[in-house]
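Source file: data.txt. Holds: compact mmCIF, N, CA and C atoms.
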```txt
# COMPACT_ATOMS: atom_id res chain seq x y z
N VAL A 265 120.01 118.65 76.69
CA VAL A 265 120.97 119.71 76.46
C VAL A 265 122.24 119.34 77.20
N PHE A 266 123.37 119.45 76.53
CA PHE A 266 124.67 119.21 77.15
C PHE A 266 125.38 120.55 77.28
N ALA A 267 125.79 120.91 78.50
CA ALA A 267 126.44 122.21 78.73
C ALA A 267 127.69 122.02 79.58
N ILE A 268 128.74 122.69 79.18
CA ILE A 268 130.01 122.63 79.90
C ILE A 268 130.40 124.03 80.37
N ASN A 269 130.87 124.12 81.61
CA ASN A 269 131.46 125.36 82.10
C ASN A 269 132.95 125.10 82.26
N ARG A 270 133.76 125.71 81.42
CA ARG A 270 135.21 125.51 81.46
C ARG A 270 135.94 126.55 82.30
N ASN A 271 135.21 127.48 82.87
CA ASN A 271 135.82 128.50 83.71
C ASN A 271 136.21 127.89 85.05
N LYS A 272 137.38 128.21 85.55
CA LYS A 272 137.87 127.64 86.81
C LYS A 272 137.27 128.29 88.04
N ASP A 273 136.76 129.51 87.91
CA ASP A 273 136.35 130.27 89.08
C ASP A 273 134.88 130.68 89.11
N GLN A 274 134.25 130.81 87.96
CA GLN A 274 132.91 131.41 87.88
C GLN A 274 131.80 130.39 87.69
N LYS A 275 130.69 130.60 88.38
CA LYS A 275 129.45 129.88 88.09
C LYS A 275 128.72 130.69 87.02
N TYR A 276 127.94 130.01 86.20
CA TYR A 276 127.18 130.72 85.18
C TYR A 276 125.72 130.27 85.21
N PRO A 277 124.80 131.21 85.11
CA PRO A 277 123.40 130.83 84.98
C PRO A 277 123.14 130.39 83.54
N CYS A 278 122.27 129.43 83.39
CA CYS A 278 121.89 128.95 82.06
C CYS A 278 120.36 128.91 82.02
N GLU A 279 119.79 129.69 81.12
CA GLU A 279 118.33 129.73 80.97
C GLU A 279 117.95 129.08 79.65
N ILE A 280 116.97 128.17 79.72
CA ILE A 280 116.52 127.47 78.53
C ILE A 280 115.02 127.72 78.38
N ASP A 281 114.63 128.27 77.26
CA ASP A 281 113.22 128.57 76.98
C ASP A 281 112.53 127.28 76.53
N VAL A 282 111.58 126.81 77.33
CA VAL A 282 110.88 125.56 77.02
C VAL A 282 109.38 125.80 76.77
N ARG A 283 109.02 127.04 76.49
CA ARG A 283 107.60 127.35 76.29
C ARG A 283 106.99 126.62 75.10
N GLY A 284 107.79 126.21 74.12
CA GLY A 284 107.28 125.52 72.95
C GLY A 284 107.07 124.03 73.14
N PHE A 285 107.40 123.51 74.31
CA PHE A 285 107.26 122.08 74.58
C PHE A 285 106.00 121.83 75.40
N GLU A 286 104.91 121.55 74.74
CA GLU A 286 103.66 121.27 75.44
C GLU A 286 103.76 119.92 76.14
N GLY A 287 103.19 119.82 77.31
CA GLY A 287 103.16 118.57 78.05
C GLY A 287 104.43 118.26 78.82
N LEU A 288 105.33 119.22 78.91
CA LEU A 288 106.56 119.02 79.66
C LEU A 288 106.21 118.79 81.13
N THR A 289 106.66 117.65 81.68
CA THR A 289 106.29 117.31 83.05
C THR A 289 107.44 117.38 84.04
N LYS A 290 108.68 117.23 83.53
CA LYS A 290 109.81 117.16 84.44
C LYS A 290 111.08 117.64 83.74
N VAL A 291 111.91 118.37 84.49
CA VAL A 291 113.21 118.79 84.00
C VAL A 291 114.23 118.38 85.06
N SER A 292 115.26 117.65 84.64
CA SER A 292 116.31 117.21 85.55
C SER A 292 117.67 117.64 85.04
N GLN A 293 118.60 117.83 85.97
CA GLN A 293 119.98 118.18 85.62
C GLN A 293 120.89 117.12 86.22
N TYR A 294 121.76 116.56 85.38
CA TYR A 294 122.81 115.66 85.83
C TYR A 294 124.11 116.44 85.74
N GLU A 295 124.86 116.45 86.85
CA GLU A 295 126.03 117.31 86.92
C GLU A 295 127.25 116.51 87.34
N MET A 296 128.38 116.71 86.65
CA MET A 296 129.67 116.15 87.05
C MET A 296 130.52 117.31 87.49
N TYR A 297 130.84 117.34 88.80
CA TYR A 297 131.54 118.47 89.37
C TYR A 297 132.30 118.00 90.61
N SER A 298 133.43 118.62 90.89
CA SER A 298 134.18 118.34 92.11
C SER A 298 134.72 119.64 92.68
N GLU A 299 134.69 119.76 93.99
CA GLU A 299 135.28 120.92 94.66
C GLU A 299 136.79 120.96 94.42
N ASP A 300 137.43 119.79 94.34
CA ASP A 300 138.87 119.70 94.13
C ASP A 300 139.13 119.04 92.79
N PHE A 301 139.06 119.82 91.73
CA PHE A 301 139.17 119.29 90.37
C PHE A 301 140.52 118.61 90.13
N ASP A 302 141.62 119.20 90.61
CA ASP A 302 142.94 118.62 90.38
C ASP A 302 143.08 117.26 91.05
N LYS A 303 142.55 117.12 92.24
CA LYS A 303 142.62 115.83 92.94
C LYS A 303 141.80 114.78 92.19
N LYS A 304 140.61 115.11 91.78
CA LYS A 304 139.74 114.16 91.10
C LYS A 304 140.27 113.81 89.71
N SER A 305 141.12 114.65 89.15
CA SER A 305 141.65 114.39 87.82
C SER A 305 142.95 113.57 87.85
N SER A 306 143.39 113.20 89.04
CA SER A 306 144.59 112.38 89.14
C SER A 306 144.24 110.92 88.84
N PHE A 307 145.25 110.12 88.62
CA PHE A 307 145.07 108.75 88.14
C PHE A 307 144.25 107.88 89.09
N GLU A 308 144.49 107.95 90.38
CA GLU A 308 143.86 107.02 91.31
C GLU A 308 142.55 107.51 91.92
N GLN A 309 142.11 108.68 91.61
CA GLN A 309 140.89 109.23 92.21
C GLN A 309 139.67 108.91 91.35
N GLN A 310 138.58 108.59 92.00
CA GLN A 310 137.33 108.29 91.31
C GLN A 310 136.38 109.50 91.42
N TRP A 311 135.78 109.84 90.31
CA TRP A 311 134.76 110.89 90.32
C TRP A 311 133.46 110.31 90.83
N PRO A 312 132.67 111.10 91.55
CA PRO A 312 131.35 110.61 91.96
C PRO A 312 130.45 110.48 90.74
N GLU A 313 129.49 109.58 90.82
CA GLU A 313 128.55 109.45 89.71
C GLU A 313 127.62 110.66 89.69
N PRO A 314 127.26 111.11 88.50
CA PRO A 314 126.32 112.24 88.42
C PRO A 314 124.98 111.87 89.05
N LYS A 315 124.40 112.82 89.74
CA LYS A 315 123.09 112.60 90.36
C LYS A 315 122.09 113.58 89.78
N ALA A 316 120.87 113.13 89.67
CA ALA A 316 119.81 113.98 89.11
C ALA A 316 119.35 115.00 90.15
N LYS A 317 119.18 116.23 89.67
CA LYS A 317 118.58 117.28 90.48
C LYS A 317 117.39 117.81 89.69
N ASN A 318 116.25 117.95 90.35
CA ASN A 318 115.08 118.52 89.67
C ASN A 318 115.30 120.02 89.47
N ILE A 319 114.84 120.51 88.34
CA ILE A 319 115.00 121.91 87.97
C ILE A 319 113.63 122.58 87.96
N ASN A 320 113.57 123.77 88.50
CA ASN A 320 112.32 124.53 88.47
C ASN A 320 112.16 125.21 87.12
N VAL A 321 110.93 125.18 86.64
CA VAL A 321 110.57 125.89 85.42
C VAL A 321 109.56 126.95 85.81
N LYS A 322 109.91 128.21 85.55
CA LYS A 322 109.02 129.31 85.90
C LYS A 322 108.68 130.09 84.64
N GLU A 323 107.41 130.18 84.34
CA GLU A 323 106.92 130.90 83.17
C GLU A 323 107.60 130.42 81.89
N GLY A 324 107.84 129.11 81.81
CA GLY A 324 108.40 128.53 80.59
C GLY A 324 109.90 128.64 80.44
N ILE A 325 110.60 129.06 81.51
CA ILE A 325 112.06 129.18 81.47
C ILE A 325 112.66 128.25 82.52
N ALA A 326 113.49 127.31 82.06
CA ALA A 326 114.23 126.42 82.96
C ALA A 326 115.56 127.09 83.27
N THR A 327 115.87 127.26 84.55
CA THR A 327 117.10 127.94 84.95
C THR A 327 117.97 126.98 85.76
N VAL A 328 119.21 126.82 85.33
CA VAL A 328 120.17 126.00 86.06
C VAL A 328 121.44 126.82 86.27
N THR A 329 122.25 126.42 87.24
CA THR A 329 123.54 127.06 87.47
C THR A 329 124.63 126.07 87.09
N LEU A 330 125.55 126.51 86.26
CA LEU A 330 126.67 125.68 85.82
C LEU A 330 127.86 125.99 86.71
N LYS A 331 128.25 125.04 87.55
CA LYS A 331 129.37 125.24 88.47
C LYS A 331 130.69 125.26 87.69
N PRO A 332 131.75 125.82 88.30
CA PRO A 332 133.05 125.87 87.62
C PRO A 332 133.56 124.48 87.25
N LEU A 333 134.18 124.37 86.09
CA LEU A 333 134.77 123.13 85.60
C LEU A 333 133.81 121.95 85.75
N SER A 334 132.62 122.11 85.20
CA SER A 334 131.60 121.06 85.30
C SER A 334 131.03 120.74 83.93
N TRP A 335 130.50 119.53 83.81
CA TRP A 335 129.66 119.23 82.65
C TRP A 335 128.28 118.92 83.18
N ASN A 336 127.28 119.21 82.36
CA ASN A 336 125.88 119.12 82.78
C ASN A 336 125.04 118.59 81.63
N VAL A 337 124.11 117.73 81.98
CA VAL A 337 123.12 117.24 81.02
C VAL A 337 121.75 117.63 81.59
N ILE A 338 120.98 118.36 80.82
CA ILE A 338 119.64 118.77 81.24
C ILE A 338 118.66 117.96 80.41
N VAL A 339 117.78 117.22 81.11
CA VAL A 339 116.85 116.29 80.46
C VAL A 339 115.43 116.81 80.62
N PHE A 340 114.71 116.86 79.51
CA PHE A 340 113.31 117.30 79.52
C PHE A 340 112.41 116.10 79.24
N GLU A 341 111.39 115.93 80.06
CA GLU A 341 110.45 114.81 79.87
C GLU A 341 109.05 115.37 79.69
```
Will you turn the file into C-alpha cells for me?
Amino acid sequence: VFAINRNKDQKYPCEIDVRGFEGLTKVSQYEMYSEDFDKKSSFEQQWPEPKAKNINVKEGIATVTLKPLSWNVIVFE
C-alpha cells in the first residue's frame, strides 16, 4: 500500500483491514519524512533513506500513523 499525507500540520491514522490475508506473518512501514521539509527539499540537502518499522496488527487491523508531508509504503508478507 502506498499512502501520502500532504497535510503540513496534521498526522493521520491509517487503518488497513488484513483479516482476509491468511498466513500474514509480517507488516512493515517504510516512511520518507523530515522534521524540516523545506530544508530537505532544497537543492543541496539529502533526504535520509526510508527505514522499515514493524507494524502491529491487532484483531486483523494494521494501524499506522502518517506523519505530515510524508510518503509511506506498507508491505505485507
- Message: According to DSSP computed on the backbone, where in region 275-336 of chain A is there strand (DSSP E or B)? Give the residues as a list in words.
- Response: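 Result set for region 275-336 of chain A (strand (DSSP E or B)): Tyr276, Pro277, Cys278, Glu279, Ile280, Asp281, Val291, Ser292, Gln293, Tyr294, Glu295, Met296, Lys315, Ala316, Lys317, Asn318, Val321, Lys322, Ile325, Ala326, Thr327, Val328, Thr329, Leu330, Ser334, Trp335 and Asn336 of chain A.
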Residue nearest Ile338 (chain A) - candidates A:Gln310, A:Gln293, A:Asn320, A:Ser298, atoms counted: only N, CA and C atoms
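Closest residue, counting only N, CA and C atoms: A:Gln293.
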Quiz item: Which residue gives the smallest distance to Val291 (chain A) among A:Val337, A:Arg270, A:Asn318, A:Glu323, with all atoms listed in the file counted?
Solution: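 Answer, going by the shortest atom-to-atom distance: A:Asn318.
The two atoms in question, atom N of Glu341 (chain A) and atom N of Val321 (chain A), are spaced 11.4 Å apart.
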If you count all atoms listed in the file, the residue of A:Val265, A:Met296, A:Cys278, A:Ala316 closest to Leu333 (chain A) turns out to be A:Met296
re atom N of Ala267 (chain A) and CA of Pro312 (chain A): distance 17.8 Å
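Considering the residues A:Tyr276, A:Phe285, A:Phe266, A:Tyr297 and counting only N, CA and C atoms, Lys315 (chain A) has its shortest atom-to-atom contact with A:Tyr297.
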>> Measuring between only N, CA and C atoms, which one of A:Leu330, A:Glu313, A:Phe340, A:Trp335 shows the shortest distance to Pro277 (chain A)?
In response: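 Closest residue, counting only N, CA and C atoms: A:Leu330.
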Using all atoms listed in the file, the residue out of A:Asp300, A:Thr289, A:Asn269, A:Ile280 with shortest distance to Ser334 (chain A) is A:Asn269
(request) Give as a list in words every residue, naming chains and numbers as the document does, that has an atom within 6.5 Å of (112.9, 128.6, 77.8), counting only N, CA and C atoms. (result)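 Checked against the point, the hits come out as Glu279, Ile280, Asp281, Val282, Arg283, Gly324, Ile325 and Ala326 of chain A.
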Here atom N of Thr329 (chain A) and CA of Tyr294 (chain A) stand apart by 10.9 Å
message: Using DSSP assignments from the backbone, pull out every residue in chain A that falls under helix (DSSP H, G or I) and give it to me as a list in words.
response: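 These are the residues in question: Phe301, Asp302, Lys303 and Lys304 of chain A.
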